[in-house]
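Below is work23.cif, holding mmCIF, N, CA and C atoms.
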data_work
#
loop_
_atom_site.label_atom_id
_atom_site.label_comp_id
_atom_site.auth_asym_id
_atom_site.auth_seq_id
_atom_site.Cartn_x
_atom_site.Cartn_y
_atom_site.Cartn_z
N GLU A 1 8.80 40.73 -61.68
CA GLU A 1 7.62 39.98 -62.06
C GLU A 1 7.31 38.89 -61.04
N GLU A 2 8.37 38.18 -60.58
CA GLU A 2 8.17 37.15 -59.57
C GLU A 2 7.58 37.74 -58.29
N ILE A 3 8.09 38.89 -57.89
CA ILE A 3 7.63 39.52 -56.66
C ILE A 3 6.15 39.90 -56.78
N ALA A 4 5.74 40.39 -57.94
CA ALA A 4 4.34 40.76 -58.14
C ALA A 4 3.44 39.54 -58.04
N LEU A 5 3.83 38.43 -58.65
CA LEU A 5 3.06 37.19 -58.56
C LEU A 5 3.00 36.68 -57.12
N PHE A 6 4.13 36.75 -56.44
CA PHE A 6 4.23 36.32 -55.06
C PHE A 6 3.32 37.18 -54.17
N ALA A 7 3.37 38.49 -54.35
CA ALA A 7 2.54 39.41 -53.56
C ALA A 7 1.06 39.14 -53.79
N LYS A 8 0.69 38.82 -55.02
CA LYS A 8 -0.70 38.51 -55.33
C LYS A 8 -1.15 37.26 -54.59
N LYS A 9 -0.34 36.23 -54.60
CA LYS A 9 -0.68 34.98 -53.90
C LYS A 9 -0.78 35.22 -52.40
N LEU A 10 0.15 35.98 -51.84
CA LEU A 10 0.09 36.31 -50.41
C LEU A 10 -1.22 37.02 -50.10
N GLY A 11 -1.60 37.94 -50.97
CA GLY A 11 -2.83 38.71 -50.77
C GLY A 11 -4.07 37.84 -50.69
N GLU A 12 -4.08 36.73 -51.41
CA GLU A 12 -5.20 35.80 -51.36
C GLU A 12 -5.39 35.23 -49.96
N PHE A 13 -4.32 35.25 -49.16
CA PHE A 13 -4.37 34.73 -47.80
C PHE A 13 -4.30 35.85 -46.77
N GLY A 14 -4.51 37.09 -47.23
CA GLY A 14 -4.54 38.22 -46.32
C GLY A 14 -3.17 38.63 -45.79
N ILE A 15 -2.11 38.31 -46.53
CA ILE A 15 -0.75 38.63 -46.11
C ILE A 15 -0.16 39.64 -47.09
N THR A 16 0.46 40.68 -46.57
CA THR A 16 1.14 41.65 -47.42
C THR A 16 2.65 41.43 -47.33
N LEU A 17 3.38 42.02 -48.26
CA LEU A 17 4.84 41.94 -48.19
C LEU A 17 5.34 42.60 -46.91
N LYS A 18 4.69 43.67 -46.50
CA LYS A 18 5.07 44.34 -45.26
C LYS A 18 4.88 43.40 -44.06
N ASP A 19 3.76 42.67 -44.03
CA ASP A 19 3.52 41.68 -42.96
C ASP A 19 4.66 40.67 -42.93
N LEU A 20 5.05 40.24 -44.09
CA LEU A 20 6.09 39.21 -44.19
C LEU A 20 7.42 39.73 -43.67
N VAL A 21 7.76 40.93 -44.04
CA VAL A 21 9.00 41.54 -43.56
C VAL A 21 8.98 41.66 -42.04
N GLU A 22 7.86 42.08 -41.51
CA GLU A 22 7.74 42.28 -40.05
C GLU A 22 7.68 40.98 -39.27
N ASN A 23 7.22 39.90 -39.91
CA ASN A 23 6.99 38.65 -39.19
C ASN A 23 7.95 37.52 -39.55
N ALA A 24 8.91 37.76 -40.40
CA ALA A 24 9.88 36.71 -40.74
C ALA A 24 10.72 36.39 -39.50
N PRO A 25 11.00 35.11 -39.26
CA PRO A 25 11.82 34.74 -38.10
C PRO A 25 13.19 35.42 -38.17
N LYS A 26 13.65 35.87 -37.03
CA LYS A 26 14.94 36.57 -36.97
C LYS A 26 16.12 35.61 -36.89
N HIS A 27 15.92 34.48 -36.23
CA HIS A 27 17.02 33.52 -36.03
C HIS A 27 17.02 32.46 -37.13
N MET A 28 18.22 32.10 -37.56
CA MET A 28 18.37 31.14 -38.65
C MET A 28 17.74 29.79 -38.33
N ASP A 29 17.85 29.32 -37.09
CA ASP A 29 17.26 28.02 -36.75
C ASP A 29 15.74 28.08 -36.86
N SER A 30 15.14 29.21 -36.50
CA SER A 30 13.69 29.37 -36.64
C SER A 30 13.30 29.42 -38.11
N LYS A 31 14.12 30.08 -38.93
CA LYS A 31 13.86 30.12 -40.37
C LYS A 31 13.88 28.72 -40.96
N ARG A 32 14.91 27.96 -40.61
CA ARG A 32 15.05 26.60 -41.15
C ARG A 32 13.90 25.70 -40.70
N LEU A 33 13.48 25.82 -39.44
CA LEU A 33 12.35 25.04 -38.94
C LEU A 33 11.08 25.42 -39.69
N SER A 34 10.86 26.69 -39.90
CA SER A 34 9.67 27.15 -40.63
C SER A 34 9.69 26.65 -42.07
N ILE A 35 10.86 26.65 -42.69
CA ILE A 35 10.98 26.14 -44.06
C ILE A 35 10.69 24.64 -44.08
N LYS A 36 11.18 23.92 -43.09
CA LYS A 36 10.91 22.48 -43.00
C LYS A 36 9.41 22.22 -42.89
N ILE A 37 8.72 23.00 -42.08
CA ILE A 37 7.27 22.86 -41.92
C ILE A 37 6.56 23.19 -43.23
N ALA A 38 6.98 24.25 -43.89
CA ALA A 38 6.39 24.64 -45.18
C ALA A 38 6.60 23.54 -46.22
N ARG A 39 7.76 22.91 -46.20
CA ARG A 39 8.05 21.84 -47.15
C ARG A 39 7.13 20.64 -46.89
N ILE A 40 6.89 20.33 -45.62
CA ILE A 40 5.97 19.24 -45.29
C ILE A 40 4.58 19.55 -45.84
N LEU A 41 4.12 20.78 -45.65
CA LEU A 41 2.82 21.19 -46.20
C LEU A 41 2.79 21.08 -47.72
N ALA A 42 3.86 21.53 -48.36
CA ALA A 42 3.92 21.54 -49.82
C ALA A 42 3.99 20.13 -50.42
N GLU A 43 4.65 19.22 -49.72
CA GLU A 43 4.86 17.88 -50.26
C GLU A 43 3.74 16.90 -49.91
N ASN A 44 2.87 17.27 -48.99
CA ASN A 44 1.76 16.41 -48.58
C ASN A 44 0.50 16.88 -49.29
N LYS A 45 0.03 16.08 -50.24
CA LYS A 45 -1.09 16.49 -51.08
C LYS A 45 -2.34 16.80 -50.26
N GLU A 46 -2.64 15.98 -49.27
CA GLU A 46 -3.83 16.19 -48.45
C GLU A 46 -3.75 17.50 -47.66
N LEU A 47 -2.60 17.75 -47.04
CA LEU A 47 -2.42 19.00 -46.29
C LEU A 47 -2.48 20.21 -47.22
N SER A 48 -1.85 20.06 -48.36
CA SER A 48 -1.81 21.15 -49.34
C SER A 48 -3.22 21.51 -49.82
N GLU A 49 -4.01 20.49 -50.10
CA GLU A 49 -5.39 20.73 -50.56
C GLU A 49 -6.22 21.41 -49.48
N LYS A 50 -6.06 20.97 -48.23
CA LYS A 50 -6.79 21.60 -47.12
C LYS A 50 -6.37 23.05 -46.95
N LEU A 51 -5.08 23.29 -47.03
CA LEU A 51 -4.57 24.65 -46.88
C LEU A 51 -5.15 25.56 -47.95
N GLU A 52 -5.12 25.12 -49.18
CA GLU A 52 -5.63 25.94 -50.29
C GLU A 52 -7.15 26.14 -50.18
N ARG A 53 -7.86 25.12 -49.74
CA ARG A 53 -9.31 25.21 -49.65
C ARG A 53 -9.76 26.11 -48.49
N LYS A 54 -9.13 25.93 -47.33
CA LYS A 54 -9.56 26.66 -46.13
C LYS A 54 -8.80 27.97 -45.92
N LYS A 55 -7.76 28.19 -46.72
CA LYS A 55 -6.94 29.42 -46.62
C LYS A 55 -6.29 29.55 -45.25
N ASN A 56 -5.95 28.41 -44.66
CA ASN A 56 -5.28 28.41 -43.37
C ASN A 56 -4.51 27.10 -43.21
N ILE A 57 -3.52 27.10 -42.34
CA ILE A 57 -2.72 25.90 -42.09
C ILE A 57 -3.59 24.87 -41.38
N PRO A 58 -3.67 23.64 -41.90
CA PRO A 58 -4.45 22.58 -41.23
C PRO A 58 -3.68 22.07 -40.00
N MET A 59 -3.82 22.80 -38.92
CA MET A 59 -3.01 22.60 -37.72
C MET A 59 -3.11 21.20 -37.14
N VAL A 60 -4.32 20.66 -36.99
CA VAL A 60 -4.49 19.35 -36.37
C VAL A 60 -3.74 18.28 -37.17
N ASP A 61 -3.91 18.30 -38.48
CA ASP A 61 -3.25 17.30 -39.33
C ASP A 61 -1.74 17.51 -39.35
N LEU A 62 -1.31 18.76 -39.40
CA LEU A 62 0.12 19.06 -39.42
C LEU A 62 0.80 18.61 -38.13
N MET A 63 0.14 18.81 -37.01
CA MET A 63 0.73 18.47 -35.71
C MET A 63 1.00 16.96 -35.60
N LYS A 64 0.31 16.16 -36.39
CA LYS A 64 0.56 14.71 -36.40
C LYS A 64 1.88 14.37 -37.09
N LEU A 65 2.39 15.31 -37.89
CA LEU A 65 3.59 15.06 -38.69
C LEU A 65 4.84 15.77 -38.19
N VAL A 66 4.66 16.76 -37.34
CA VAL A 66 5.81 17.52 -36.84
C VAL A 66 5.83 17.52 -35.31
N ASP A 67 7.01 17.50 -34.77
CA ASP A 67 7.17 17.53 -33.33
C ASP A 67 7.56 18.95 -32.92
N VAL A 68 6.58 19.85 -33.05
CA VAL A 68 6.80 21.26 -32.78
C VAL A 68 5.57 21.77 -32.02
N ASN A 69 5.79 22.67 -31.10
CA ASN A 69 4.68 23.28 -30.38
C ASN A 69 3.82 24.09 -31.36
N HIS A 70 2.52 23.97 -31.22
CA HIS A 70 1.61 24.68 -32.15
C HIS A 70 1.81 26.19 -32.08
N LYS A 71 2.28 26.70 -30.95
CA LYS A 71 2.53 28.14 -30.83
C LYS A 71 3.67 28.57 -31.75
N THR A 72 4.64 27.70 -31.95
CA THR A 72 5.75 27.98 -32.87
C THR A 72 5.22 28.15 -34.29
N ILE A 73 4.30 27.28 -34.66
CA ILE A 73 3.72 27.35 -36.00
C ILE A 73 2.88 28.63 -36.12
N GLU A 74 2.09 28.93 -35.12
CA GLU A 74 1.27 30.14 -35.16
C GLU A 74 2.13 31.40 -35.25
N ARG A 75 3.19 31.44 -34.46
CA ARG A 75 4.07 32.62 -34.43
C ARG A 75 4.70 32.86 -35.80
N ASN A 76 4.99 31.79 -36.52
CA ASN A 76 5.67 31.89 -37.82
C ASN A 76 4.73 31.61 -38.99
N ARG A 77 3.43 31.68 -38.75
CA ARG A 77 2.42 31.30 -39.75
C ARG A 77 2.60 32.02 -41.08
N LYS A 78 2.78 33.32 -41.06
CA LYS A 78 2.89 34.08 -42.30
C LYS A 78 4.14 33.68 -43.09
N PHE A 79 5.24 33.47 -42.39
CA PHE A 79 6.47 33.05 -43.06
C PHE A 79 6.31 31.64 -43.63
N ILE A 80 5.71 30.74 -42.85
CA ILE A 80 5.49 29.37 -43.32
C ILE A 80 4.62 29.38 -44.57
N LEU A 81 3.55 30.15 -44.55
CA LEU A 81 2.68 30.24 -45.73
C LEU A 81 3.43 30.81 -46.93
N ALA A 82 4.23 31.83 -46.70
CA ALA A 82 4.99 32.43 -47.80
C ALA A 82 5.95 31.41 -48.42
N VAL A 83 6.64 30.67 -47.59
CA VAL A 83 7.57 29.66 -48.10
C VAL A 83 6.79 28.56 -48.82
N TYR A 84 5.66 28.17 -48.26
CA TYR A 84 4.80 27.18 -48.91
C TYR A 84 4.43 27.64 -50.33
N PHE A 85 4.03 28.90 -50.47
CA PHE A 85 3.67 29.43 -51.79
C PHE A 85 4.86 29.37 -52.75
N ILE A 86 6.03 29.72 -52.25
CA ILE A 86 7.22 29.70 -53.10
C ILE A 86 7.52 28.26 -53.55
N LEU A 87 7.44 27.32 -52.63
CA LEU A 87 7.73 25.93 -52.96
C LEU A 87 6.74 25.36 -53.96
N ASN A 88 5.51 25.84 -53.94
CA ASN A 88 4.47 25.36 -54.85
C ASN A 88 4.30 26.28 -56.05
N SER A 89 5.37 26.90 -56.48
CA SER A 89 5.28 27.87 -57.57
C SER A 89 6.40 27.65 -58.58
N GLU A 90 6.41 28.51 -59.56
CA GLU A 90 7.47 28.54 -60.56
C GLU A 90 8.39 29.74 -60.30
N LEU A 91 8.42 30.22 -59.08
CA LEU A 91 9.21 31.39 -58.72
C LEU A 91 10.65 30.95 -58.44
N ASP A 92 11.40 30.74 -59.50
CA ASP A 92 12.74 30.15 -59.40
C ASP A 92 13.72 30.96 -58.55
N ILE A 93 13.69 32.26 -58.67
CA ILE A 93 14.62 33.09 -57.90
C ILE A 93 14.33 32.97 -56.41
N LEU A 94 13.06 33.07 -56.04
CA LEU A 94 12.70 32.94 -54.64
C LEU A 94 12.95 31.53 -54.12
N GLN A 95 12.75 30.53 -54.96
CA GLN A 95 13.07 29.15 -54.55
C GLN A 95 14.56 29.01 -54.27
N GLY A 96 15.38 29.72 -55.01
CA GLY A 96 16.82 29.71 -54.78
C GLY A 96 17.18 30.23 -53.40
N TYR A 97 16.48 31.28 -52.95
CA TYR A 97 16.70 31.80 -51.60
C TYR A 97 16.39 30.73 -50.56
N ILE A 98 15.27 30.07 -50.74
CA ILE A 98 14.84 29.05 -49.78
C ILE A 98 15.85 27.90 -49.74
N GLU A 99 16.26 27.44 -50.89
CA GLU A 99 17.24 26.34 -50.95
C GLU A 99 18.56 26.75 -50.32
N ASN A 100 18.97 27.98 -50.51
CA ASN A 100 20.21 28.47 -49.92
C ASN A 100 20.14 28.41 -48.39
N VAL A 101 19.02 28.84 -47.83
CA VAL A 101 18.86 28.81 -46.37
C VAL A 101 18.84 27.37 -45.88
N GLU A 102 18.16 26.49 -46.60
CA GLU A 102 18.10 25.08 -46.21
C GLU A 102 19.49 24.43 -46.19
N LYS A 103 20.33 24.85 -47.10
CA LYS A 103 21.67 24.27 -47.21
C LYS A 103 22.66 24.89 -46.22
N GLY A 104 22.18 25.80 -45.41
CA GLY A 104 23.04 26.40 -44.40
C GLY A 104 23.55 27.78 -44.73
N GLY A 105 23.14 28.31 -45.87
CA GLY A 105 23.56 29.65 -46.26
C GLY A 105 22.74 30.72 -45.56
N LYS A 106 23.17 31.91 -45.71
CA LYS A 106 22.45 33.06 -45.15
C LYS A 106 21.26 33.37 -46.04
N ALA A 107 20.30 34.07 -45.47
CA ALA A 107 19.09 34.43 -46.22
C ALA A 107 19.37 35.57 -47.20
N HIS A 108 20.45 36.31 -47.00
CA HIS A 108 20.81 37.44 -47.87
C HIS A 108 19.63 38.36 -48.10
N GLY A 109 18.95 38.70 -47.01
CA GLY A 109 17.86 39.65 -47.11
C GLY A 109 16.55 39.08 -47.57
N CYS A 110 16.45 37.77 -47.68
CA CYS A 110 15.20 37.16 -48.11
C CYS A 110 14.07 37.59 -47.18
N PHE A 111 13.10 38.27 -47.71
CA PHE A 111 11.94 38.80 -47.02
C PHE A 111 12.27 40.00 -46.15
N TYR A 112 13.47 40.51 -46.21
CA TYR A 112 13.79 41.69 -45.44
C TYR A 112 13.86 42.91 -46.35
N ARG A 113 14.37 42.74 -47.55
CA ARG A 113 14.47 43.86 -48.48
C ARG A 113 13.62 43.60 -49.71
N ILE A 114 12.65 42.72 -49.59
CA ILE A 114 11.87 42.30 -50.73
C ILE A 114 11.07 43.44 -51.35
N ASN A 115 10.69 44.43 -50.57
CA ASN A 115 9.88 45.50 -51.13
C ASN A 115 10.62 46.83 -51.21
N SER A 116 11.95 46.80 -51.14
CA SER A 116 12.69 48.06 -51.25
C SER A 116 13.12 48.32 -52.66
#

Entire entry expressed as structure tokens:
Amino acid sequence: EEIALFAKKLGEFGITLKDLVENAPKHMDSKRLSIKIARILAENKELSEKLERKKNIPMVDLMKLVDVNHKTIERNRKFILAVYFILNSELDILQGYIENVEKGGKAHGCFYRINS
């Protein structure tokens, strides 16, 4: 049920589960950086409202808060958006995956076997 709700939200932004599997960062440090960026988006009301309204990451505003090359954000855009959706949801199981990665754990297939 959580996956169906998650897939629906992704679809609103033109992202499929297949896109997510293909575009998830391969390296753990990239995953953690993307999660950190998604958390900044989720916790900042102004950024969150712009993201939801424009259906895209508010890059100019975000760049004022993070010291990351904009190409890094673009390359991981789909993953960042997916994590943002999870953080702003009641999807407890998926939130557990995110918290595990943040705490230094492995992703255990998070976004790799999500549609198998």

| Explicit residues for the PyMOL selection byres ((chain A and resi 78) around 7) (as a ChimeraX atom specification) | /A:15,19-20,23-24,73-77,79-83

| Separation of atom CA of A:Leu41 from atom C of A:Ile57 in Å | 8.8 Å

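Closest approach to A:Lys64 from the set A:Tyr97, A:Gly105, A:Leu5, A:Leu47 is made by A:Leu47, with distances taken over only C-alpha atoms.
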
| task | Mind giving me the straight-line distance from atom CA of A:Gly104 to atom CA of A:Pro25 in Å, one decimal? | result |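 One can read the atom CA of A:Gly104 to atom CA of A:Pro25 distance as 15.3 Å.
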
| said: Just the number, please: distance in Å from atom C of A:Leu87 to atom C of A:Leu62, one decimal. | reply: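 Between these atoms lies a distance of 18.2 Å.
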
Return the padded bounding box of stretch 19-26 of chain A as JSON: axis-aligned, built from all atoms listed in the file, 8 Å added on each side, with centre and edge lengths in Å to one decimal.
{"center_x": 9.8, "center_y": 38.7, "center_z": -40.5, "size_x": 28.6, "size_y": 23.9, "size_z": 23.3}

| Secondary structure check, alpha helix (DSSP H) residues of stretch 58-101 of chain A, as a count of residues only | 32

| request: Determine, counting only C-alpha atoms, which protein, DNA and RNA residues have an atom within 12 Å of an atom of A:Glu99; residues of the same chain fewer than 4 positions away are not included. Present the result as a PyMOL selection string. | output: chain A and resi 31-32+35-36+39+83+86-87+92-95+103-107+110
